[in-house]
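What's in data.cif: mmCIF, N, CA, C and O atoms and all ligand atoms
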data_query
#
loop_
_atom_site.group_PDB
_atom_site.id
_atom_site.type_symbol
_atom_site.label_atom_id
_atom_site.label_comp_id
_atom_site.auth_asym_id
_atom_site.auth_seq_id
_atom_site.Cartn_x
_atom_site.Cartn_y
_atom_site.Cartn_z
ATOM 1 N N MET A 1 -311.961 -105.846 -60.453
ATOM 2 C CA MET A 1 -310.773 -105.344 -61.172
ATOM 3 C C MET A 1 -310.853 -105.694 -62.658
ATOM 4 O O MET A 1 -310.826 -104.835 -63.511
ATOM 5 N N THR A 2 -310.989 -106.990 -62.912
ATOM 6 C CA THR A 2 -311.051 -107.432 -64.312
ATOM 7 C C THR A 2 -312.313 -106.897 -64.998
ATOM 8 O O THR A 2 -312.264 -106.434 -66.132
ATOM 9 N N LEU A 3 -313.403 -106.929 -64.246
ATOM 10 C CA LEU A 3 -314.664 -106.462 -64.810
ATOM 11 C C LEU A 3 -314.588 -104.973 -65.158
ATOM 12 O O LEU A 3 -315.055 -104.537 -66.203
ATOM 13 N N LYS A 4 -313.953 -104.216 -64.271
ATOM 14 C CA LYS A 4 -313.782 -102.787 -64.502
ATOM 15 C C LYS A 4 -312.985 -102.542 -65.782
ATOM 16 O O LYS A 4 -313.310 -101.693 -66.590
ATOM 17 N N LEU A 5 -311.933 -103.319 -65.917
ATOM 18 C CA LEU A 5 -311.060 -103.185 -67.084
ATOM 19 C C LEU A 5 -311.826 -103.509 -68.364
ATOM 20 O O LEU A 5 -311.729 -102.804 -69.363
ATOM 21 N N LEU A 6 -312.608 -104.564 -68.306
ATOM 22 C CA LEU A 6 -313.398 -104.944 -69.468
ATOM 23 C C LEU A 6 -314.388 -103.851 -69.842
ATOM 24 O O LEU A 6 -314.598 -103.557 -71.007
ATOM 25 N N LYS A 7 -314.965 -103.243 -68.830
ATOM 26 C CA LYS A 7 -315.909 -102.155 -69.087
ATOM 27 C C LYS A 7 -315.217 -100.976 -69.756
ATOM 28 O O LYS A 7 -315.744 -100.354 -70.656
ATOM 29 N N MET A 8 -314.025 -100.685 -69.285
ATOM 30 C CA MET A 8 -313.253 -99.601 -69.880
ATOM 31 C C MET A 8 -312.959 -99.888 -71.345
ATOM 32 O O MET A 8 -313.095 -99.043 -72.203
ATOM 33 N N LEU A 9 -312.542 -101.128 -71.616
ATOM 34 C CA LEU A 9 -312.236 -101.515 -72.988
ATOM 35 C C LEU A 9 -313.483 -101.414 -73.852
ATOM 36 O O LEU A 9 -313.445 -100.985 -74.989
ATOM 37 N N ASP A 10 -314.584 -101.807 -73.267
ATOM 38 C CA ASP A 10 -315.852 -101.760 -73.964
ATOM 39 C C ASP A 10 -316.247 -100.328 -74.322
ATOM 40 O O ASP A 10 -316.715 -100.054 -75.412
ATOM 41 N N MET A 11 -316.028 -99.432 -73.408
ATOM 42 C CA MET A 11 -316.383 -98.032 -73.627
ATOM 43 C C MET A 11 -315.543 -97.387 -74.718
ATOM 44 O O MET A 11 -316.040 -96.626 -75.516
ATOM 45 N N THR A 12 -314.226 -97.712 -74.697
ATOM 46 C CA THR A 12 -313.357 -97.078 -75.696
ATOM 47 C C THR A 12 -313.567 -97.702 -77.073
ATOM 48 O O THR A 12 -313.171 -97.138 -78.066
ATOM 49 N N HIS A 13 -314.182 -98.863 -77.100
ATOM 50 C CA HIS A 13 -314.284 -99.587 -78.355
ATOM 51 C C HIS A 13 -315.145 -98.868 -79.399
ATOM 52 O O HIS A 13 -314.918 -99.022 -80.590
ATOM 53 N N GLU A 14 -316.084 -98.060 -78.935
ATOM 54 C CA GLU A 14 -317.075 -97.488 -79.857
ATOM 55 C C GLU A 14 -316.514 -96.676 -81.014
ATOM 56 O O GLU A 14 -316.943 -96.836 -82.127
ATOM 57 N N ASP A 15 -315.538 -95.781 -80.732
ATOM 58 C CA ASP A 15 -315.028 -94.998 -81.867
ATOM 59 C C ASP A 15 -313.754 -95.582 -82.452
ATOM 60 O O ASP A 15 -313.108 -94.946 -83.227
ATOM 61 N N GLU A 16 -313.404 -96.781 -82.073
ATOM 62 C CA GLU A 16 -312.205 -97.361 -82.658
ATOM 63 C C GLU A 16 -312.458 -97.896 -84.054
ATOM 64 O O GLU A 16 -313.543 -98.350 -84.364
ATOM 65 N N LEU A 17 -311.417 -97.849 -84.862
ATOM 66 C CA LEU A 17 -311.511 -98.388 -86.211
ATOM 67 C C LEU A 17 -311.043 -99.839 -86.207
ATOM 68 O O LEU A 17 -310.200 -100.221 -85.412
ATOM 69 N N SER A 18 -311.582 -100.610 -87.123
ATOM 70 C CA SER A 18 -311.086 -101.972 -87.298
ATOM 71 C C SER A 18 -309.855 -101.920 -88.200
ATOM 72 O O SER A 18 -309.583 -100.902 -88.838
ATOM 73 N N CYS A 19 -309.126 -103.029 -88.261
ATOM 74 C CA CYS A 19 -307.945 -103.084 -89.127
ATOM 75 C C CYS A 19 -308.329 -102.802 -90.583
ATOM 76 O O CYS A 19 -307.620 -102.107 -91.297
ATOM 77 N N GLY A 20 -309.454 -103.329 -91.010
ATOM 78 C CA GLY A 20 -309.896 -103.119 -92.386
ATOM 79 C C GLY A 20 -310.154 -101.644 -92.678
ATOM 80 O O GLY A 20 -309.786 -101.128 -93.732
ATOM 81 N N GLU A 21 -310.772 -100.959 -91.731
ATOM 82 C CA GLU A 21 -311.043 -99.527 -91.905
ATOM 83 C C GLU A 21 -309.750 -98.721 -91.946
ATOM 84 O O GLU A 21 -309.607 -97.773 -92.713
ATOM 85 N N VAL A 22 -308.812 -99.121 -91.096
ATOM 86 C CA VAL A 22 -307.516 -98.435 -91.086
ATOM 87 C C VAL A 22 -306.783 -98.659 -92.406
ATOM 88 O O VAL A 22 -306.241 -97.712 -92.990
ATOM 89 N N HIS A 23 -306.819 -99.879 -92.902
ATOM 90 C CA HIS A 23 -306.181 -100.168 -94.199
ATOM 91 C C HIS A 23 -306.756 -99.282 -95.297
ATOM 92 O O HIS A 23 -306.034 -98.781 -96.146
ATOM 93 N N ALA A 24 -308.078 -99.094 -95.256
ATOM 94 C CA ALA A 24 -308.734 -98.290 -96.278
ATOM 95 C C ALA A 24 -308.298 -96.826 -96.205
ATOM 96 O O ALA A 24 -308.293 -96.120 -97.212
ATOM 97 N N LEU A 25 -307.922 -96.371 -95.011
ATOM 98 C CA LEU A 25 -307.557 -94.966 -94.825
ATOM 99 C C LEU A 25 -306.050 -94.727 -94.875
ATOM 100 O O LEU A 25 -305.591 -93.584 -94.899
ATOM 101 N N LEU A 26 -305.303 -95.815 -94.907
ATOM 102 C CA LEU A 26 -303.855 -95.707 -94.729
ATOM 103 C C LEU A 26 -303.159 -94.904 -95.837
ATOM 104 O O LEU A 26 -302.273 -94.092 -95.557
ATOM 105 N N ASP A 27 -303.589 -95.113 -97.089
ATOM 106 C CA ASP A 27 -303.021 -94.361 -98.216
ATOM 107 C C ASP A 27 -303.118 -92.870 -97.978
ATOM 108 O O ASP A 27 -302.157 -92.129 -98.101
ATOM 109 N N GLU A 28 -304.350 -92.466 -97.634
ATOM 110 C CA GLU A 28 -304.630 -91.060 -97.412
ATOM 111 C C GLU A 28 -303.814 -90.522 -96.230
ATOM 112 O O GLU A 28 -303.238 -89.438 -96.275
ATOM 113 N N TYR A 29 -303.766 -91.326 -95.196
ATOM 114 C CA TYR A 29 -303.038 -90.954 -93.982
ATOM 115 C C TYR A 29 -301.561 -90.710 -94.295
ATOM 116 O O TYR A 29 -300.979 -89.700 -93.906
ATOM 117 N N VAL A 30 -300.968 -91.630 -95.036
ATOM 118 C CA VAL A 30 -299.543 -91.527 -95.368
ATOM 119 C C VAL A 30 -299.287 -90.332 -96.289
ATOM 120 O O VAL A 30 -298.306 -89.613 -96.136
ATOM 121 N N GLU A 31 -300.201 -90.111 -97.243
ATOM 122 C CA GLU A 31 -300.026 -88.969 -98.144
ATOM 123 C C GLU A 31 -300.063 -87.642 -97.393
ATOM 124 O O GLU A 31 -299.262 -86.747 -97.639
ATOM 125 N N LEU A 32 -301.021 -87.532 -96.485
ATOM 126 C CA LEU A 32 -301.111 -86.322 -95.660
ATOM 127 C C LEU A 32 -299.842 -86.142 -94.836
ATOM 128 O O LEU A 32 -299.287 -85.046 -94.736
ATOM 129 N N LYS A 33 -299.390 -87.229 -94.290
ATOM 130 C CA LYS A 33 -298.176 -87.217 -93.463
ATOM 131 C C LYS A 33 -296.977 -86.733 -94.276
ATOM 132 O O LYS A 33 -296.208 -85.884 -93.819
ATOM 133 N N LEU A 34 -296.840 -87.245 -95.495
ATOM 134 C CA LEU A 34 -295.705 -86.862 -96.336
ATOM 135 C C LEU A 34 -295.809 -85.408 -96.786
ATOM 136 O O LEU A 34 -294.806 -84.761 -97.059
ATOM 137 N N ARG A 35 -297.035 -84.904 -96.860
ATOM 138 C CA ARG A 35 -297.227 -83.501 -97.226
ATOM 139 C C ARG A 35 -296.956 -82.567 -96.049
ATOM 140 O O ARG A 35 -297.017 -81.367 -96.168
ATOM 141 N N GLY A 36 -296.730 -83.175 -94.891
ATOM 142 C CA GLY A 36 -296.421 -82.370 -93.716
ATOM 143 C C GLY A 36 -297.651 -81.905 -92.957
ATOM 144 O O GLY A 36 -297.568 -81.003 -92.124
ATOM 145 N N GLU A 37 -298.801 -82.533 -93.280
ATOM 146 C CA GLU A 37 -300.023 -82.183 -92.559
ATOM 147 C C GLU A 37 -299.987 -82.779 -91.148
ATOM 148 O O GLU A 37 -299.258 -83.734 -90.889
ATOM 149 N N ASP A 38 -300.811 -82.229 -90.288
ATOM 150 C CA ASP A 38 -300.893 -82.724 -88.919
ATOM 151 C C ASP A 38 -301.869 -83.900 -88.865
ATOM 152 O O ASP A 38 -303.032 -83.758 -88.503
ATOM 153 N N VAL A 39 -301.376 -85.077 -89.277
ATOM 154 C CA VAL A 39 -302.254 -86.252 -89.397
ATOM 155 C C VAL A 39 -302.867 -86.671 -88.064
ATOM 156 O O VAL A 39 -303.964 -87.215 -88.025
ATOM 157 N N GLU A 40 -302.134 -86.432 -87.003
ATOM 158 C CA GLU A 40 -302.663 -86.834 -85.703
ATOM 159 C C GLU A 40 -303.925 -86.059 -85.353
ATOM 160 O O GLU A 40 -304.817 -86.567 -84.679
ATOM 161 N N ALA A 41 -303.990 -84.824 -85.817
ATOM 162 C CA ALA A 41 -305.186 -84.018 -85.574
ATOM 163 C C ALA A 41 -306.270 -84.324 -86.605
ATOM 164 O O ALA A 41 -307.455 -84.326 -86.295
ATOM 165 N N LEU A 42 -305.845 -84.608 -87.849
ATOM 166 C CA LEU A 42 -306.809 -84.834 -88.928
ATOM 167 C C LEU A 42 -307.447 -86.217 -88.837
ATOM 168 O O LEU A 42 -308.630 -86.382 -89.101
ATOM 169 N N MET A 43 -306.643 -87.221 -88.514
ATOM 170 C CA MET A 43 -307.149 -88.594 -88.453
ATOM 171 C C MET A 43 -306.706 -89.258 -87.146
ATOM 172 O O MET A 43 -305.943 -90.228 -87.169
ATOM 173 N N PRO A 44 -307.206 -88.752 -86.043
ATOM 174 C CA PRO A 44 -306.754 -89.257 -84.735
ATOM 175 C C PRO A 44 -307.065 -90.731 -84.507
ATOM 176 O O PRO A 44 -306.306 -91.418 -83.812
ATOM 177 N N LEU A 45 -308.134 -91.213 -85.104
ATOM 178 C CA LEU A 45 -308.499 -92.614 -84.883
ATOM 179 C C LEU A 45 -307.542 -93.564 -85.593
ATOM 180 O O LEU A 45 -307.240 -94.647 -85.092
ATOM 181 N N VAL A 46 -307.050 -93.137 -86.743
ATOM 182 C CA VAL A 46 -306.059 -93.950 -87.445
ATOM 183 C C VAL A 46 -304.766 -93.963 -86.641
ATOM 184 O O VAL A 46 -304.176 -95.016 -86.407
ATOM 185 N N LYS A 47 -304.372 -92.778 -86.204
ATOM 186 C CA LYS A 47 -303.161 -92.668 -85.393
ATOM 187 C C LYS A 47 -303.277 -93.543 -84.133
ATOM 188 O O LYS A 47 -302.349 -94.260 -83.774
ATOM 189 N N TYR A 48 -304.432 -93.499 -83.513
ATOM 190 C CA TYR A 48 -304.662 -94.286 -82.306
ATOM 191 C C TYR A 48 -304.544 -95.778 -82.605
ATOM 192 O O TYR A 48 -303.908 -96.526 -81.882
ATOM 193 N N HIS A 49 -305.136 -96.190 -83.698
ATOM 194 C CA HIS A 49 -305.084 -97.601 -84.059
ATOM 195 C C HIS A 49 -303.643 -98.045 -84.338
ATOM 196 O O HIS A 49 -303.233 -99.128 -83.939
ATOM 197 N N LEU A 50 -302.882 -97.189 -85.012
ATOM 198 C CA LEU A 50 -301.487 -97.533 -85.319
ATOM 199 C C LEU A 50 -300.662 -97.687 -84.047
ATOM 200 O O LEU A 50 -299.718 -98.466 -83.999
ATOM 201 N N ASP A 51 -301.045 -96.931 -83.028
ATOM 202 C CA ASP A 51 -300.332 -97.028 -81.751
ATOM 203 C C ASP A 51 -300.590 -98.354 -81.050
ATOM 204 O O ASP A 51 -299.749 -98.844 -80.295
ATOM 205 N N ILE A 52 -301.759 -98.929 -81.285
ATOM 206 C CA ILE A 52 -302.109 -100.140 -80.535
ATOM 207 C C ILE A 52 -302.061 -101.408 -81.377
ATOM 208 O O ILE A 52 -302.140 -102.499 -80.841
ATOM 209 N N CYS A 53 -301.937 -101.277 -82.689
ATOM 210 C CA CYS A 53 -301.988 -102.457 -83.556
ATOM 211 C C CYS A 53 -300.684 -102.609 -84.330
ATOM 212 O O CYS A 53 -300.387 -101.823 -85.223
ATOM 213 N N ARG A 54 -299.934 -103.599 -83.971
ATOM 214 C CA ARG A 54 -298.623 -103.856 -84.573
ATOM 215 C C ARG A 54 -298.736 -104.138 -86.083
ATOM 216 O O ARG A 54 -297.939 -103.662 -86.881
ATOM 217 N N ASP A 55 -299.731 -104.926 -86.460
ATOM 218 C CA ASP A 55 -299.898 -105.275 -87.874
ATOM 219 C C ASP A 55 -300.090 -104.046 -88.742
ATOM 220 O O ASP A 55 -299.441 -103.876 -89.770
ATOM 221 N N CYS A 56 -301.008 -103.191 -88.313
ATOM 222 C CA CYS A 56 -301.300 -101.994 -89.091
ATOM 223 C C CYS A 56 -300.119 -101.040 -89.071
ATOM 224 O O CYS A 56 -299.854 -100.354 -90.054
ATOM 225 N N PHE A 57 -299.407 -100.995 -87.960
ATOM 226 C CA PHE A 57 -298.255 -100.111 -87.883
ATOM 227 C C PHE A 57 -297.181 -100.544 -88.881
ATOM 228 O O PHE A 57 -296.561 -99.707 -89.545
ATOM 229 N N GLU A 58 -296.974 -101.843 -88.998
ATOM 230 C CA GLU A 58 -295.984 -102.336 -89.963
ATOM 231 C C GLU A 58 -296.408 -102.020 -91.391
ATOM 232 O O GLU A 58 -295.598 -101.650 -92.234
ATOM 233 N N GLU A 59 -297.696 -102.152 -91.629
ATOM 234 C CA GLU A 59 -298.264 -101.806 -92.934
ATOM 235 C C GLU A 59 -298.017 -100.322 -93.242
ATOM 236 O O GLU A 59 -297.601 -99.938 -94.325
ATOM 237 N N TYR A 60 -298.258 -99.520 -92.229
ATOM 238 C CA TYR A 60 -298.076 -98.069 -92.335
ATOM 239 C C TYR A 60 -296.618 -97.723 -92.629
ATOM 240 O O TYR A 60 -296.333 -96.926 -93.526
ATOM 241 N N GLU A 61 -295.693 -98.328 -91.912
ATOM 242 C CA GLU A 61 -294.273 -98.047 -92.120
ATOM 243 C C GLU A 61 -293.823 -98.445 -93.520
ATOM 244 O O GLU A 61 -293.047 -97.744 -94.156
ATOM 245 N N ALA A 62 -294.326 -99.597 -93.998
ATOM 246 C CA ALA A 62 -293.968 -100.068 -95.333
ATOM 247 C C ALA A 62 -294.482 -99.098 -96.396
ATOM 248 O O ALA A 62 -293.779 -98.753 -97.343
ATOM 249 N N LEU A 63 -295.720 -98.645 -96.201
ATOM 250 C CA LEU A 63 -296.323 -97.717 -97.149
ATOM 251 C C LEU A 63 -295.596 -96.371 -97.130
ATOM 252 O O LEU A 63 -295.325 -95.772 -98.169
ATOM 253 N N LEU A 64 -295.276 -95.918 -95.957
ATOM 254 C CA LEU A 64 -294.571 -94.652 -95.790
ATOM 255 C C LEU A 64 -293.199 -94.720 -96.484
ATOM 256 O O LEU A 64 -292.817 -93.803 -97.209
ATOM 257 N N ALA A 65 -292.504 -95.820 -96.278
ATOM 258 C CA ALA A 65 -291.188 -95.986 -96.894
ATOM 259 C C ALA A 65 -291.311 -96.029 -98.414
ATOM 260 O O ALA A 65 -290.525 -95.413 -99.121
ATOM 261 N N ALA A 66 -292.327 -96.743 -98.916
ATOM 262 C CA ALA A 66 -292.517 -96.865 -100.363
ATOM 263 C C ALA A 66 -292.823 -95.508 -100.986
ATOM 264 O O ALA A 66 -292.255 -95.129 -102.004
ATOM 265 N N LEU A 67 -293.728 -94.750 -100.364
ATOM 266 C CA LEU A 67 -294.102 -93.451 -100.913
ATOM 267 C C LEU A 67 -292.970 -92.442 -100.783
ATOM 268 O O LEU A 67 -292.739 -91.631 -101.678
ATOM 269 N N ALA A 68 -292.265 -92.468 -99.684
ATOM 270 C CA ALA A 68 -291.155 -91.547 -99.475
ATOM 271 C C ALA A 68 -290.079 -91.821 -100.510
ATOM 272 O O ALA A 68 -289.459 -90.899 -101.041
ATOM 273 N N PHE A 69 -289.874 -93.093 -100.828
ATOM 274 C CA PHE A 69 -288.883 -93.471 -101.839
ATOM 275 C C PHE A 69 -289.304 -92.961 -103.208
ATOM 276 O O PHE A 69 -288.514 -92.374 -103.938
ATOM 277 N N GLU A 70 -290.578 -93.132 -103.547
ATOM 278 C CA GLU A 70 -291.101 -92.645 -104.826
ATOM 279 C C GLU A 70 -290.889 -91.148 -104.973
ATOM 280 O O GLU A 70 -290.502 -90.652 -106.005
ATOM 281 N N GLU A 71 -291.176 -90.428 -103.899
ATOM 282 C CA GLU A 71 -291.065 -88.976 -103.943
ATOM 283 C C GLU A 71 -289.615 -88.519 -104.067
ATOM 284 O O GLU A 71 -289.343 -87.436 -104.563
ATOM 285 N N SER A 72 -288.690 -89.354 -103.630
ATOM 286 C CA SER A 72 -287.292 -88.969 -103.665
ATOM 287 C C SER A 72 -286.685 -89.222 -105.041
ATOM 288 O O SER A 72 -285.564 -88.820 -105.318
ATOM 289 N N LEU A 73 -287.421 -89.891 -105.916
ATOM 290 C CA LEU A 73 -286.883 -90.196 -107.243
ATOM 291 C C LEU A 73 -286.867 -88.970 -108.147
ATOM 292 O O LEU A 73 -287.723 -88.125 -108.041
HETATM 293 ZN ZN ZN B 101 -304.965 -103.014 -87.075
#

Let me see the structure of the file written as structure tokens.
Amino acid sequence: MTLKLLKMLDMTHEDELSCGEVHALLDEYVELKLRGEDVEALMPLVKYHLDICRDCFEEYEALLAALAFEESL
């Protein structure tokens, strides 16, 4: 059971981004999002990482709020 789970995690790990890679892409991701682009289709790995990583998600929300505020000025 545990071994199977570990194998599954191992298999999915290959195309996953690290937190550092997500941080590097986050600006672009948020800009696309604010432009109304389909970010989930354009950058699915970033979206996937945000779903599973609380730290990056908080970073994303802060950036989104900051940029949305700028645009509203
Ligand atoms: Zn992360």

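Taking atom O of Ile52 (chain A) and atom O of Leu17 (chain A) as the two end points, the separation is 9.5 Å.
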
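The two atoms in question, CA of Glu58 (chain A) and CA of Leu45 (chain A), are spaced 16.6 Å apart.
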
Q.
Taking all atoms listed in the file and a cut-off of 8 Å, can you tell me which residues surround ligand ZN 101 (chain B), written as a list in words?
A.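 Final answer, ordered by chain and number: Leu17, Ser18, Cys19, Gly20, Glu21, Val22, His23, His49, Leu50, Ile52, Cys53, Arg54, Asp55, Cys56 and Phe57 of chain A.
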
Q | Result set, the PyMOL selection byres (((chain A and resi 30-33 and name CA) around 10) and not hetatm and name CA) on current file, as a PyMOL selection string | A | chain A and resi 25-29+34-40+42-43+60-61+63-65+67-68

Around all listed atoms of region 35-54 of chain A, padded 6 Å per side, what centre and edge lengths does the axis-aligned box have in Å to one decimal, as lines of an AutoDock Vina configuration file?
center_x = -302.5
center_y = -92.6
center_z = -88.8
size_x = 24.2
size_y = 35.1
size_z = 28.9

Repaired coordinates for region 35-45 of chain A (all heavy atoms) as a short mmCIF file (atom, residue, chain, number, x, y, z; two decimals), in the coordinates of the input:
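The resulting file, out04.cif, is reproduced below:
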data_model
loop_
_atom_site.label_atom_id
_atom_site.label_comp_id
_atom_site.auth_asym_id
_atom_site.auth_seq_id
_atom_site.Cartn_x
_atom_site.Cartn_y
_atom_site.Cartn_z
N ARG A 35 -297.04 -84.90 -96.86
CA ARG A 35 -297.23 -83.50 -97.23
C ARG A 35 -296.96 -82.57 -96.05
O ARG A 35 -297.02 -81.37 -96.17
CB ARG A 35 -298.67 -83.29 -97.71
CG ARG A 35 -298.77 -83.19 -99.21
CD ARG A 35 -300.14 -82.69 -99.60
NE ARG A 35 -301.03 -83.82 -99.87
CZ ARG A 35 -302.37 -83.76 -99.74
NH1 ARG A 35 -302.95 -82.67 -99.30
NH2 ARG A 35 -303.09 -84.81 -100.03
N GLY A 36 -296.73 -83.18 -94.89
CA GLY A 36 -296.42 -82.37 -93.72
C GLY A 36 -297.65 -81.90 -92.96
O GLY A 36 -297.57 -81.00 -92.12
N GLU A 37 -298.80 -82.53 -93.28
CA GLU A 37 -300.02 -82.18 -92.56
C GLU A 37 -299.99 -82.78 -91.15
O GLU A 37 -299.26 -83.73 -90.89
CB GLU A 37 -301.25 -82.74 -93.29
CG GLU A 37 -301.40 -82.31 -94.73
CD GLU A 37 -301.97 -80.91 -94.86
OE1 GLU A 37 -302.49 -80.37 -93.87
OE2 GLU A 37 -301.88 -80.36 -95.98
N ASP A 38 -300.81 -82.23 -90.29
CA ASP A 38 -300.89 -82.72 -88.92
C ASP A 38 -301.87 -83.90 -88.86
O ASP A 38 -303.03 -83.76 -88.50
CB ASP A 38 -301.37 -81.59 -88.00
CG ASP A 38 -301.27 -81.98 -86.53
OD1 ASP A 38 -300.85 -83.11 -86.24
OD2 ASP A 38 -301.61 -81.14 -85.69
N VAL A 39 -301.38 -85.08 -89.28
CA VAL A 39 -302.25 -86.25 -89.40
C VAL A 39 -302.87 -86.67 -88.06
O VAL A 39 -303.96 -87.22 -88.02
CB VAL A 39 -301.53 -87.46 -90.02
CG1 VAL A 39 -301.44 -87.32 -91.51
CG2 VAL A 39 -300.17 -87.68 -89.40
N GLU A 40 -302.13 -86.43 -87.00
CA GLU A 40 -302.66 -86.83 -85.70
C GLU A 40 -303.92 -86.06 -85.35
O GLU A 40 -304.82 -86.57 -84.68
CB GLU A 40 -301.61 -86.64 -84.62
CG GLU A 40 -300.47 -87.62 -84.80
CD GLU A 40 -299.36 -87.41 -83.78
OE1 GLU A 40 -299.64 -86.93 -82.69
OE2 GLU A 40 -298.21 -87.73 -84.11
N ALA A 41 -303.99 -84.82 -85.82
CA ALA A 41 -305.19 -84.02 -85.57
C ALA A 41 -306.27 -84.32 -86.60
O ALA A 41 -307.46 -84.33 -86.30
CB ALA A 41 -304.83 -82.53 -85.63
N LEU A 42 -305.85 -84.61 -87.85
CA LEU A 42 -306.81 -84.83 -88.93
C LEU A 42 -307.45 -86.22 -88.84
O LEU A 42 -308.63 -86.38 -89.10
CB LEU A 42 -306.11 -84.68 -90.29
CG LEU A 42 -305.67 -83.26 -90.65
CD1 LEU A 42 -304.77 -83.29 -91.88
CD2 LEU A 42 -306.89 -82.38 -90.92
N MET A 43 -306.64 -87.22 -88.51
CA MET A 43 -307.15 -88.59 -88.45
C MET A 43 -306.71 -89.26 -87.15
O MET A 43 -305.94 -90.23 -87.17
CB MET A 43 -306.65 -89.38 -89.67
CG MET A 43 -307.12 -88.79 -90.99
SD MET A 43 -306.24 -89.47 -92.43
CE MET A 43 -307.35 -90.79 -92.91
N PRO A 44 -307.21 -88.75 -86.04
CA PRO A 44 -306.75 -89.26 -84.74
C PRO A 44 -307.06 -90.73 -84.51
O PRO A 44 -306.31 -91.42 -83.81
CB PRO A 44 -307.51 -88.38 -83.72
CG PRO A 44 -308.67 -87.82 -84.47
CD PRO A 44 -308.23 -87.71 -85.90
N LEU A 45 -308.13 -91.21 -85.10
CA LEU A 45 -308.50 -92.61 -84.88
C LEU A 45 -307.54 -93.56 -85.59
O LEU A 45 -307.24 -94.65 -85.09
CB LEU A 45 -309.93 -92.88 -85.35
CG LEU A 45 -311.02 -92.19 -84.52
CD1 LEU A 45 -312.39 -92.51 -85.09
CD2 LEU A 45 -310.95 -92.61 -83.06
#
